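Working notes for the structure below.
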Amino acid sequence: MKSSLKSVGEHGSYVFRHNLKITQLGKSGQIDEAIKVFQHMTHKNTVTHNSMISAFAKNGRISDARQLFDGMPQRNIVSWNSMIAAYLHNDRVEEARQLFDKMPTRDLYSWTLMITCYTRNGELAKARNLFNLLPYKWNPVCCNAMVAGYAKNRQFDEARRLFDAMPAKDLVSWNSMLTGYTRNGEMRLGLQFFEEMAERDVVSWNLMVDGFVEVGDLNSSWEFFEKIPNPNTVSWVTMLCGFARFGKIAEARRLFDQMPIRNVVAWNAMIAAYVQNCHVDEAISLFMEMPEKNSISWTTVINGYVRMGKLDEARQLLNQMPYRNVAAQTAMISGYVQNKRMDDARQIFNQISIRDVVCWNTMIAGYSQCGRMDEALHLFKQMVKKDIVSWNTMVASYAQVGQMDAAIKIFEEMKEKNIVSWNSLISGLTQNGSYLDALKSFMLMGHEGQKPDQSTFACGLSSCAHLAALQVGKQLHQLVMKSGYATDLFVSNALITMYAKCGSISSAELLFKDIDHFDVVSWNSLIAAYALNGNGREALKLFHKMEVEGVAPDEVTFVGILSACSHVGLIDQGLKLFKCMVQAYNIEPLAEHYACMVDLLGRAGRLEEAFQLVRGMKINANAGIWGALLGACRIHGNLELAKFAAEKLLEFEPHKTSNYVLLSNMQAEAGRWDEVARVRRLMKEKGAEKQPGWSWIELQNRVHAFLSEDPAHPRAVELCHILRSLTAHMRNTGDMPLECLL
DNA sequence: CTAGGGTTAG
């Protein structure tokens, strides 16, 4: 009896010490060491297993934790709670709930864990239901969890109501309320609450410091930091990160050197500070120097190399890493993705057993950017837990490759949409020429309670510009003024372009004068506006003014002035500017510039020169260039060159009917009917069909679109009637252009 | 060994 007690005691102390060791190792991220200790233990009890579950969970190894949980000889309530906590800390609410429902008995820990699960997930109603059911309602820990849940989700009133009703408030209760304000950028309310607080601890102070950092008020942040009675490592690290975020790397380093105690977190924060500010060499040397490294340290330096484009160095570090985690692997993947090395990215991706959302999203974005939409879609479909970013990526990607039908389909399947979703759709529609649909979506978005941002406005205005919808454009302008985005450069420039394309050049000029800090895009917008309205001399005047004011023109500026020259027939001026662009401004001509030049020379009948220019190009020609040449050939009746240009053009645009029509008309004019037939045949082979003509008109602030032969418009019959009488009228007065009579 | 407030990598 005595000896057996003694042996229990001996084992007891042995087990106790080792259990503690596992916990410590797990908390400090040394999971491999923890596993070793666990495996070599001669005696284990339930607590040993529980400790190991927590150690796994804290290091993201959720499936290992679950495996241990399922296989352990005996489970107590702490085992269940630990497993639920494991799911909580790894954002797996569904699995947590399943365990919670299945567990034989529940205690205060279980209920609190589950409430926190829900509030982290934003499911406040579910959390509140549990809270109302639980038997320990006025326990401060449970109450605090609920208060914190409300506060973090910006439900300040609900939080405050519960907070005020609490019979026993402790410091955590106060800090839970405070967190709600500081984490949501409500520093005015936060400060007010802070001053109201009966007692404060270092957490309260740290919250204030971090809150001010979040809203970009470094001065207040520093003011509070200096007042902290006993700053701890967290205080120092928070302030350090604040400096780092605003590029104050020297101040960050000074804090790091002054810190009384430097733990892994402090080292990691300093390394991250260097990485954020592109000082990768310093980051690496600090990494080498640091006494103990965890997976975050490794991930940070790998990410540093990735950002500098040093992929091989990053890969080497990843290979050396003692225990790879998803974050490090995802950093590596995003490096490969940015450099379009999708196969390398895929290799890493395949190595990851439990992938997080970020990792999947990175791969999907990568495939999309390489135009590999099938693979992107395949991954997207495989994803079990998609977030809003996954959906948005798919919408934007389909839009980018011009598959608007697919983009719209994905968009419509979305349960939850944010501003990015709408902007992806609207900018996609704009870029793919569906201006009217873009504007319709803009309106729809408003009806669904989503406010436009600068990007939405820019797209909407651009659509108005293309449609020449002045009234709608003006309305958007009004909305811009109310929204507070009027000072945004993108929006201002879009406004200039909109007025210019709608022919309201004086409004464009007025806007240009009103911009405080315009950039080269503003100049470009107005120059393009003049060019478009046939006011080439004004465009050139503005270009010179721009030079006088010391704004360096860019490639877009030259597209504007070259097209201005071409439209008003300033041949020599255009040639001079083209030369000046290359020689004085060191701008390599793009296809667009060549297209302008071909147009310019071609209109003047200097076809041979235009052709020589194209043949001498270093870059590949595009549809714009061949189109310009073909157009010039048509004007000046050069059938041979036209044939050549058309052949090239059709390689780019095999489905565009107008190209075939242009060529066949030229052949017809020359009486070469065999060639006409050949072109018609070719057109059929390539599957080019006559695209329905469509036009639009603004009536009483509404844009109406018409498709030829389209009876869909509600007032089609009426309109046809009016059209017929108009045509008759024009025929009588001789106003009718020839083409319209055909 | 498990629950409520604060820091670090993506």
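In the structure tokens, chains take letters A, B, ... by order of appearance, with residues numbered from 1 within each chain and ligands from 1 in the order shown.
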So that I can check the surroundings of Leu318 of chain A, please list as an mmCIF file with N, CA, C and O atoms, in the first residue's frame every protein, DNA and RNA residue that reaches within 9 Å of it, counting only C-alpha atoms (C1' of nucleotides) and ignoring chain neighbours fewer than 3 positions away.
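Output file selection07.cif follows:
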data_model
loop_
_atom_site.group_PDB
_atom_site.id
_atom_site.type_symbol
_atom_site.label_atom_id
_atom_site.label_comp_id
_atom_site.auth_asym_id
_atom_site.auth_seq_id
_atom_site.Cartn_x
_atom_site.Cartn_y
_atom_site.Cartn_z
ATOM 1 N N TRP A 298 10.688 32.686 -39.544
ATOM 2 C CA TRP A 298 11.027 32.130 -40.861
ATOM 3 C C TRP A 298 10.118 32.710 -41.943
ATOM 4 O O TRP A 298 10.580 33.141 -42.995
ATOM 5 N N THR A 299 8.831 32.730 -41.654
ATOM 6 C CA THR A 299 7.883 33.232 -42.655
ATOM 7 C C THR A 299 8.193 34.677 -43.035
ATOM 8 O O THR A 299 8.127 35.060 -44.196
ATOM 9 N N ILE A 302 11.266 34.876 -45.305
ATOM 10 C CA ILE A 302 10.931 34.306 -46.616
ATOM 11 C C ILE A 302 10.124 35.323 -47.404
ATOM 12 O O ILE A 302 10.397 35.600 -48.567
ATOM 13 N N GLU A 313 16.475 32.506 -53.156
ATOM 14 C CA GLU A 313 16.870 32.631 -51.749
ATOM 15 C C GLU A 313 15.691 32.267 -50.837
ATOM 16 O O GLU A 313 15.863 31.580 -49.829
ATOM 17 N N ALA A 314 14.518 32.730 -51.215
ATOM 18 C CA ALA A 314 13.322 32.434 -50.422
ATOM 19 C C ALA A 314 13.091 30.924 -50.370
ATOM 20 O O ALA A 314 12.843 30.351 -49.308
ATOM 21 N N ARG A 315 13.223 30.296 -51.524
ATOM 22 C CA ARG A 315 12.984 28.861 -51.614
ATOM 23 C C ARG A 315 13.978 28.083 -50.758
ATOM 24 O O ARG A 315 13.624 27.109 -50.088
ATOM 25 N N MET A 321 13.720 25.398 -43.454
ATOM 26 C CA MET A 321 12.840 25.644 -42.311
ATOM 27 C C MET A 321 12.560 24.345 -41.566
ATOM 28 O O MET A 321 12.178 23.352 -42.187
ATOM 29 N N PRO A 322 12.748 24.349 -40.255
ATOM 30 C CA PRO A 322 12.570 23.096 -39.516
ATOM 31 C C PRO A 322 11.139 22.560 -39.600
ATOM 32 O O PRO A 322 10.950 21.371 -39.796
ATOM 33 N N ARG A 324 7.728 23.448 -41.682
ATOM 34 C CA ARG A 324 7.062 24.353 -42.623
ATOM 35 C C ARG A 324 5.627 24.583 -42.207
ATOM 36 O O ARG A 324 4.945 23.650 -41.806
ATOM 37 N N ALA A 328 4.234 30.252 -44.494
ATOM 38 C CA ALA A 328 5.503 30.326 -45.208
ATOM 39 C C ALA A 328 5.333 29.792 -46.630
ATOM 40 O O ALA A 328 5.833 30.376 -47.591
ATOM 41 N N GLN A 329 4.606 28.691 -46.733
ATOM 42 C CA GLN A 329 4.391 28.105 -48.055
ATOM 43 C C GLN A 329 3.555 29.033 -48.934
ATOM 44 O O GLN A 329 3.822 29.179 -50.122
ATOM 45 N N MET A 332 5.656 31.779 -50.284
ATOM 46 C CA MET A 332 6.448 31.269 -51.409
ATOM 47 C C MET A 332 5.571 31.175 -52.663
ATOM 48 O O MET A 332 5.985 31.581 -53.752
#
Should the cut-off be 6 Å, what would the residue list for chain A against chain B look like, counting only C-alpha atoms (C1' of nucleotides), as a ChimeraX atom specification?
/A:47,50-51,78,81-82,109,112-113,141,144-145,172,175-176,203,234,265,268-269,296,299-300,327
With C-alpha atoms kept, could you save the residues just selected as a short mmCIF file (atom, residue, chain, number, x, y, z; two decimals), in the first residue's frame?
data_model
loop_
_atom_site.label_atom_id
_atom_site.label_comp_id
_atom_site.auth_asym_id
_atom_site.auth_seq_id
_atom_site.Cartn_x
_atom_site.Cartn_y
_atom_site.Cartn_z
CA VAL A 47 -3.71 15.67 -18.86
CA ASN A 50 -4.91 17.26 -23.29
CA SER A 51 -1.67 19.24 -23.19
CA VAL A 78 -11.06 19.28 -20.47
CA ASN A 81 -12.94 21.72 -24.27
CA SER A 82 -9.37 21.66 -25.52
CA TYR A 109 -15.40 26.68 -20.39
CA THR A 112 -17.71 30.41 -23.23
CA LEU A 113 -15.67 28.79 -25.98
CA VAL A 141 -16.00 35.49 -17.98
CA ASN A 144 -17.16 39.48 -21.00
CA ALA A 145 -17.05 37.13 -23.96
CA VAL A 172 -11.43 42.62 -18.49
CA ASN A 175 -11.08 46.40 -21.59
CA SER A 176 -13.58 44.39 -23.64
CA VAL A 203 -3.75 46.21 -21.57
CA VAL A 234 3.38 44.19 -25.86
CA VAL A 265 7.68 38.50 -30.72
CA ASN A 268 9.88 39.10 -35.18
CA ALA A 269 8.32 42.55 -35.09
CA ILE A 296 6.80 33.41 -37.79
CA THR A 299 7.88 33.23 -42.66
CA THR A 300 8.80 36.89 -42.27
CA ALA A 327 1.91 30.84 -44.08
#
Looking only at strand (DSSP E or B) from DSSP on the backbone, list the matching residues of segment 507-709 of chain A as a PyMOL selection string.
chain A and resi 694-699+702-707
Contacts of segment 532-536 of chain A at 9 Å (only C-alpha atoms (C1' of nucleotides); same-chain gap of 4+ positions) as a ChimeraX atom specification:
/A:500-501,503,505,527-528,540-541,560-561,563-570
How would the residues just chosen look if you wrote them out with N, CA and C atoms as a PDB file, in the first residue's frame?
ATOM      1  N   ALA A 500     -15.381  65.842 -71.900  1.00  0.00           N
ATOM      2  CA  ALA A 500     -14.739  66.000 -73.204  1.00  0.00           C
ATOM      3  C   ALA A 500     -15.433  65.141 -74.256  1.00  0.00           C
ATOM      4  N   LYS A 501     -15.675  63.873 -73.924  1.00  0.00           N
ATOM      5  CA  LYS A 501     -16.255  62.969 -74.910  1.00  0.00           C
ATOM      6  C   LYS A 501     -17.716  63.302 -75.180  1.00  0.00           C
ATOM      7  N   GLY A 503     -18.593  66.240 -75.569  1.00  0.00           N
ATOM      8  CA  GLY A 503     -18.525  67.477 -76.337  1.00  0.00           C
ATOM      9  C   GLY A 503     -18.619  68.732 -75.491  1.00  0.00           C
ATOM     10  N   ILE A 505     -16.606  70.647 -73.819  1.00  0.00           N
ATOM     11  CA  ILE A 505     -15.192  70.905 -73.568  1.00  0.00           C
ATOM     12  C   ILE A 505     -14.973  72.000 -72.532  1.00  0.00           C
ATOM     13  N   ILE A 527      -5.816  66.937 -72.852  1.00  0.00           N
ATOM     14  CA  ILE A 527      -5.202  66.900 -74.191  1.00  0.00           C
ATOM     15  C   ILE A 527      -6.007  65.973 -75.099  1.00  0.00           C
ATOM     16  N   ALA A 528      -6.353  64.798 -74.560  1.00  0.00           N
ATOM     17  CA  ALA A 528      -7.148  63.852 -75.337  1.00  0.00           C
ATOM     18  C   ALA A 528      -8.512  64.455 -75.667  1.00  0.00           C
ATOM     19  N   LEU A 540      -2.071  70.970 -78.665  1.00  0.00           N
ATOM     20  CA  LEU A 540      -0.632  71.257 -78.711  1.00  0.00           C
ATOM     21  C   LEU A 540      -0.251  72.387 -77.764  1.00  0.00           C
ATOM     22  N   LYS A 541      -1.131  73.368 -77.665  1.00  0.00           N
ATOM     23  CA  LYS A 541      -0.889  74.496 -76.748  1.00  0.00           C
ATOM     24  C   LYS A 541      -0.753  73.968 -75.314  1.00  0.00           C
ATOM     25  N   GLY A 560      -2.167  61.164 -77.199  1.00  0.00           N
ATOM     26  CA  GLY A 560      -3.103  62.275 -77.328  1.00  0.00           C
ATOM     27  C   GLY A 560      -2.660  63.296 -78.363  1.00  0.00           C
ATOM     28  N   ILE A 561      -1.421  63.778 -78.244  1.00  0.00           N
ATOM     29  CA  ILE A 561      -1.032  64.853 -79.171  1.00  0.00           C
ATOM     30  C   ILE A 561      -0.790  64.322 -80.581  1.00  0.00           C
ATOM     31  N   SER A 563      -2.451  61.938 -81.997  1.00  0.00           N
ATOM     32  CA  SER A 563      -3.755  61.771 -82.643  1.00  0.00           C
ATOM     33  C   SER A 563      -4.355  63.141 -82.949  1.00  0.00           C
ATOM     34  N   ALA A 564      -4.043  64.139 -82.100  1.00  0.00           N
ATOM     35  CA  ALA A 564      -4.494  65.501 -82.382  1.00  0.00           C
ATOM     36  C   ALA A 564      -3.895  65.986 -83.708  1.00  0.00           C
ATOM     37  N   CYS A 565      -2.596  65.767 -83.855  1.00  0.00           N
ATOM     38  CA  CYS A 565      -1.922  66.169 -85.093  1.00  0.00           C
ATOM     39  C   CYS A 565      -2.545  65.483 -86.294  1.00  0.00           C
ATOM     40  N   SER A 566      -2.815  64.192 -86.135  1.00  0.00           N
ATOM     41  CA  SER A 566      -3.355  63.433 -87.245  1.00  0.00           C
ATOM     42  C   SER A 566      -4.743  63.931 -87.630  1.00  0.00           C
ATOM     43  N   HIS A 567      -5.563  64.239 -86.635  1.00  0.00           N
ATOM     44  CA  HIS A 567      -6.922  64.681 -86.925  1.00  0.00           C
ATOM     45  C   HIS A 567      -6.971  66.024 -87.642  1.00  0.00           C
ATOM     46  N   VAL A 568      -6.024  66.929 -87.355  1.00  0.00           N
ATOM     47  CA  VAL A 568      -6.066  68.233 -88.020  1.00  0.00           C
ATOM     48  C   VAL A 568      -5.043  68.330 -89.135  1.00  0.00           C
ATOM     49  N   GLY A 569      -4.381  67.217 -89.433  1.00  0.00           N
ATOM     50  CA  GLY A 569      -3.480  67.195 -90.587  1.00  0.00           C
ATOM     51  C   GLY A 569      -2.170  67.932 -90.385  1.00  0.00           C
ATOM     52  N   LEU A 570      -1.714  68.023 -89.130  1.00  0.00           N
ATOM     53  CA  LEU A 570      -0.415  68.647 -88.875  1.00  0.00           C
ATOM     54  C   LEU A 570       0.689  67.601 -89.031  1.00  0.00           C
TER      55      LEU A 570
END
Residue neighbourhood Met666 of chain A, 8 Å, only C-alpha atoms (C1' of nucleotides), exclusion window fewer than 5 positions, as a PyMOL selection string
chain A and resi 634+637+639
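Restricting the calculation to only C-alpha atoms, the smallest distance between Lys310 of chain A and any of A:Ala127, A:Leu510, A:Leu255, A:Val280 is found for A:Val280.
In terms of minimum interatomic distance to Asp405 of chain A, A:Leu425 ranks closest within A:Leu425, A:Leu495, A:Ala244, A:Met443, counting only C-alpha atoms.
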Taking the backbone alone, and naming residues the way the document does, which bits of segment 203-336 of chain A are alpha helix (DSSP H) by DSSP, as number ranges by chain?
A: 203-214, 218-227, 233-245, 249-258, 264-276, 280-289, 295-307, 311-320, 326-336
Would you kindly return, as JSON, numbers by chain, each protein, DNA or RNA residue with an atom no farther than 8 Å from any atom of Phe56 of chain A, considering only C-alpha atoms (C1' of nucleotides) and excluding same-chain residues fewer than 4 positions away?
{"A": [26, 31, 52, 60, 61, 62, 64, 65]}
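Of the residues listed (A:Met342, A:Val676, A:Leu436, A:Met498), A:Met498 shows the shortest atom-to-atom separation from Lys474 of chain A; distances use only C-alpha atoms.
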